[in-house]
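Shown next, in structure tokens, is the structure this report addresses.
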Amino acid sequence: QDTTVQNETVLGDDEDLPEAEPVKSSLAPHDGTESVVVSCELDSVLLAKTLRHMAVIEQVELTQSQIQSILYIAYGVRLAQKNERLTSEHPQMWQYGPVFPRAYNRLRKDSADGTDEYYSLKTDHPNIFKYLENCFRRYAWTKACILVSPHLSEGSPWSDTRRSNPDRWGVRIEDELIREWFLPRV
């Protein structure tokens, strides 16, 4: 089941987004705007492996690109709706889209199905688990090229970061760019 993502809202209504209490204090913004709060400081590897296990349960084959895209969408929606970061790791501008490098490298090297991470997140952070599960259910059956396409389009945080850093890959995509881009899409 392929769906077009580019012109639709990224995630549903607020009932899809359980509240999560911020654990850390705010990060200082560099442009004088409201600061972004880190929510739970979760590792991107934990979230990526949880997505991997959700795929095992649903018997869906997720590619690395799909996992990265779903994680990026979850991260961006969280910034837009709650002004909270989902992970302690920032996404970076890689050649084919936004990537969480730690999660990418760990999943590439580790073929474990994510059972431990799945149950750890479900037990220790049930609201974040439910939020990630909602993102998974919305996007797991969408092809990677369709998921990533809007995030590479002109005016996207990836595109703006690329324009500012034409000869470099692996540059951090700033939270404020991500938040501003996702705001009208949620």
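Residue numbers start at 1 in each chain; chains themselves are named A, B, ... in the order of the structure tokens; ligands are numbered from 1 in the order shown.
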Alpha helix (DSSP H) positions in range 55-111 of chain A, given as a PyMOL selection string: chain A and resi 55-58+64-82+101-109
For Gln68 in chain A: contacts at 8 Å, only C-alpha atoms, fewer than 6 positions along chain excluded, given as JSON, numbers by chain: {"A": [48, 98, 99, 100, 104]}
Neighbour list for Val45 in chain A as number ranges by chain, cut-off 9 Å, only C-alpha atoms, skip fewer than 3 positions in-chain: A: 42, 48-50, 100, 102-104, 106-107, 117
Within 8 Å of Trp169 in chain A using only C-alpha atoms, minus same-chain residues under 5 positions, as a list in words: Gln92, Met93, Trp94, Gln95 and Arg162 of chain A
Please produce a file of the residues just selected, as a PDB file, in the first residue's frame, where the atoms kept are N, CA, C and O atoms.
```pdb
ATOM      1  N   GLN A  92      21.441  14.036  10.626  1.00  0.00           N
ATOM      2  CA  GLN A  92      22.448  14.671   9.778  1.00  0.00           C
ATOM      3  C   GLN A  92      22.006  14.634   8.321  1.00  0.00           C
ATOM      4  O   GLN A  92      21.206  13.803   7.921  1.00  0.00           O
ATOM      5  N   MET A  93      22.593  15.545   7.545  1.00  0.00           N
ATOM      6  CA  MET A  93      22.350  15.595   6.113  1.00  0.00           C
ATOM      7  C   MET A  93      23.303  14.616   5.439  1.00  0.00           C
ATOM      8  O   MET A  93      24.513  14.833   5.416  1.00  0.00           O
ATOM      9  N   TRP A  94      22.747  13.512   4.968  1.00  0.00           N
ATOM     10  CA  TRP A  94      23.505  12.544   4.189  1.00  0.00           C
ATOM     11  C   TRP A  94      23.038  12.638   2.748  1.00  0.00           C
ATOM     12  O   TRP A  94      22.009  13.260   2.452  1.00  0.00           O
ATOM     13  N   GLN A  95      23.749  12.002   1.863  1.00  0.00           N
ATOM     14  CA  GLN A  95      23.489  12.138   0.434  1.00  0.00           C
ATOM     15  C   GLN A  95      22.052  11.825   0.040  1.00  0.00           C
ATOM     16  O   GLN A  95      21.467  12.515  -0.780  1.00  0.00           O
ATOM     17  N   ARG A 162      21.909  21.444   2.935  1.00  0.00           N
ATOM     18  CA  ARG A 162      22.739  21.120   1.771  1.00  0.00           C
ATOM     19  C   ARG A 162      23.210  22.392   1.071  1.00  0.00           C
ATOM     20  O   ARG A 162      24.365  22.512   0.668  1.00  0.00           O
TER      21      ARG A 162
END
```
Polymer residues at most 12 Å from Gln66 in chain A, only C-alpha atoms, same-chain spacing of 2 or more positions, as a ChimeraX atom specification: /A:48,51-52,55,60-64,68-73,96-99,104,135-136,138-149
Restricting it to C-alpha atoms, dump the selection as a short mmCIF file (atom, residue, chain, number, x, y, z; two decimals), in the first residue's frame.
```
data_model
loop_
_atom_site.label_atom_id
_atom_site.label_comp_id
_atom_site.auth_asym_id
_atom_site.auth_seq_id
_atom_site.Cartn_x
_atom_site.Cartn_y
_atom_site.Cartn_z
CA ALA A 48 15.40 2.32 15.44
CA LEU A 51 10.92 0.04 14.83
CA ARG A 52 12.75 -3.02 13.55
CA ALA A 55 8.25 -4.70 11.66
CA VAL A 60 6.72 -6.13 7.28
CA GLU A 61 10.18 -5.82 5.80
CA LEU A 62 11.56 -2.38 6.59
CA THR A 63 14.65 -1.11 4.82
CA GLN A 64 17.27 1.00 6.54
CA GLN A 68 15.53 6.36 9.05
CA SER A 69 12.58 8.12 7.40
CA ILE A 70 10.07 7.03 10.04
CA LEU A 71 12.49 8.04 12.79
CA TYR A 72 13.02 11.44 11.13
CA ILE A 73 9.27 12.01 10.74
CA TYR A 96 20.12 10.38 0.20
CA GLY A 97 18.30 12.09 3.05
CA PRO A 98 18.27 12.82 6.78
CA VAL A 99 20.04 10.12 8.81
CA TYR A 104 22.23 3.69 10.89
CA CYS A 135 4.33 6.60 13.37
CA PHE A 136 5.21 3.03 12.45
CA ARG A 138 1.17 5.16 9.51
CA TYR A 139 4.33 4.74 7.43
CA ALA A 140 5.67 1.18 7.60
CA TRP A 141 3.92 0.12 4.39
CA THR A 142 5.12 3.14 2.40
CA LYS A 143 8.07 2.74 0.05
CA ALA A 144 11.27 4.46 1.13
CA CYS A 145 11.43 6.66 -1.97
CA ILE A 146 7.96 8.04 -1.18
CA LEU A 147 8.80 8.56 2.50
CA VAL A 148 12.04 10.42 1.86
CA SER A 149 10.95 12.46 -1.18
#
```
Distance query Leu183 in chain A at most 10 Å, only C-alpha atoms, self and fewer than 3 positions along chain excluded, as a list in words: Thr9, Val10, Gly76, Val77, Arg78, Leu79, Ala80, Gln81, Ile178, Arg179, Glu180 and Val186 of chain A
Could you please take those selected residues and save N, CA, C and O atoms as a short mmCIF file (atom, residue, chain, number, x, y, z; two decimals), in the first residue's frame?
```
data_model
loop_
_atom_site.label_atom_id
_atom_site.label_comp_id
_atom_site.auth_asym_id
_atom_site.auth_seq_id
_atom_site.Cartn_x
_atom_site.Cartn_y
_atom_site.Cartn_z
N THR A 9 -0.76 15.80 5.66
CA THR A 9 -0.18 16.06 6.96
C THR A 9 0.68 14.86 7.34
O THR A 9 0.46 13.75 6.88
N VAL A 10 1.65 15.10 8.17
CA VAL A 10 2.63 14.06 8.47
C VAL A 10 2.13 13.08 9.51
O VAL A 10 2.37 11.90 9.42
N GLY A 76 10.66 15.02 13.74
CA GLY A 76 10.17 16.31 13.27
C GLY A 76 8.79 16.66 13.80
O GLY A 76 8.53 17.81 14.19
N VAL A 77 7.91 15.69 13.83
CA VAL A 77 6.56 15.93 14.34
C VAL A 77 6.62 16.28 15.83
O VAL A 77 5.93 17.18 16.30
N ARG A 78 7.46 15.57 16.55
CA ARG A 78 7.61 15.84 17.99
C ARG A 78 8.10 17.27 18.22
O ARG A 78 7.60 17.98 19.10
N LEU A 79 9.07 17.70 17.42
CA LEU A 79 9.56 19.08 17.53
C LEU A 79 8.45 20.08 17.23
O LEU A 79 8.29 21.08 17.93
N ALA A 80 7.69 19.81 16.18
CA ALA A 80 6.64 20.75 15.77
C ALA A 80 5.49 20.81 16.77
O ALA A 80 5.00 21.90 17.09
N GLN A 81 5.06 19.67 17.27
CA GLN A 81 3.88 19.66 18.13
C GLN A 81 4.18 19.90 19.60
O GLN A 81 3.36 20.48 20.30
N ILE A 178 14.08 21.98 11.26
CA ILE A 178 13.17 20.83 11.23
C ILE A 178 11.81 21.23 11.80
O ILE A 178 10.77 20.96 11.20
N ARG A 179 11.84 21.87 12.94
CA ARG A 179 10.59 22.27 13.60
C ARG A 179 9.76 23.19 12.71
O ARG A 179 8.56 22.98 12.52
N GLU A 180 10.40 24.21 12.12
CA GLU A 180 9.69 25.15 11.26
C GLU A 180 9.11 24.47 10.01
O GLU A 180 8.04 24.83 9.55
N VAL A 186 1.72 19.36 10.33
CA VAL A 186 1.12 18.52 11.38
C VAL A 186 -0.23 19.08 11.80
O VAL A 186 -0.53 20.20 11.56
#
```
Which residue of A:Asp43, A:Pro166, A:His53, A:Trp181 approaches Asp113 in chain A most closely, using only C-alpha atoms: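 Comparing A:Asp43, A:Pro166, A:His53, A:Trp181 against Asp113 in chain A, the winner is A:His53.
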Exercise: Ala74 in chain A partners within 8 Å, only C-alpha atoms, chain neighbours under 6 positions left out, as number ranges by chain: A: 86, 131-132, 135
Point-to-point distance in Å for CA of Asn105 in chain A and CA of Asp167 in chain A: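 Interatomic distance here is 22.3 Å.
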Å distance separating CA of Ile128 in chain A from CA of Glu174 in chain A, one decimal place: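 Pair CA of Ile128 in chain A / CA of Glu174 in chain A returns 21.9 Å.
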Length of the CA of Pro150 in chain A to CA of Gly170 in chain A vector [Å]: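 The value is 19.2 Å.
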In range 7-179 of chain A, DSSP strand (DSSP E or B) residues written as a ChimeraX atom specification: /A:26-27,36-42,84-87,92-94,97-99,171-172
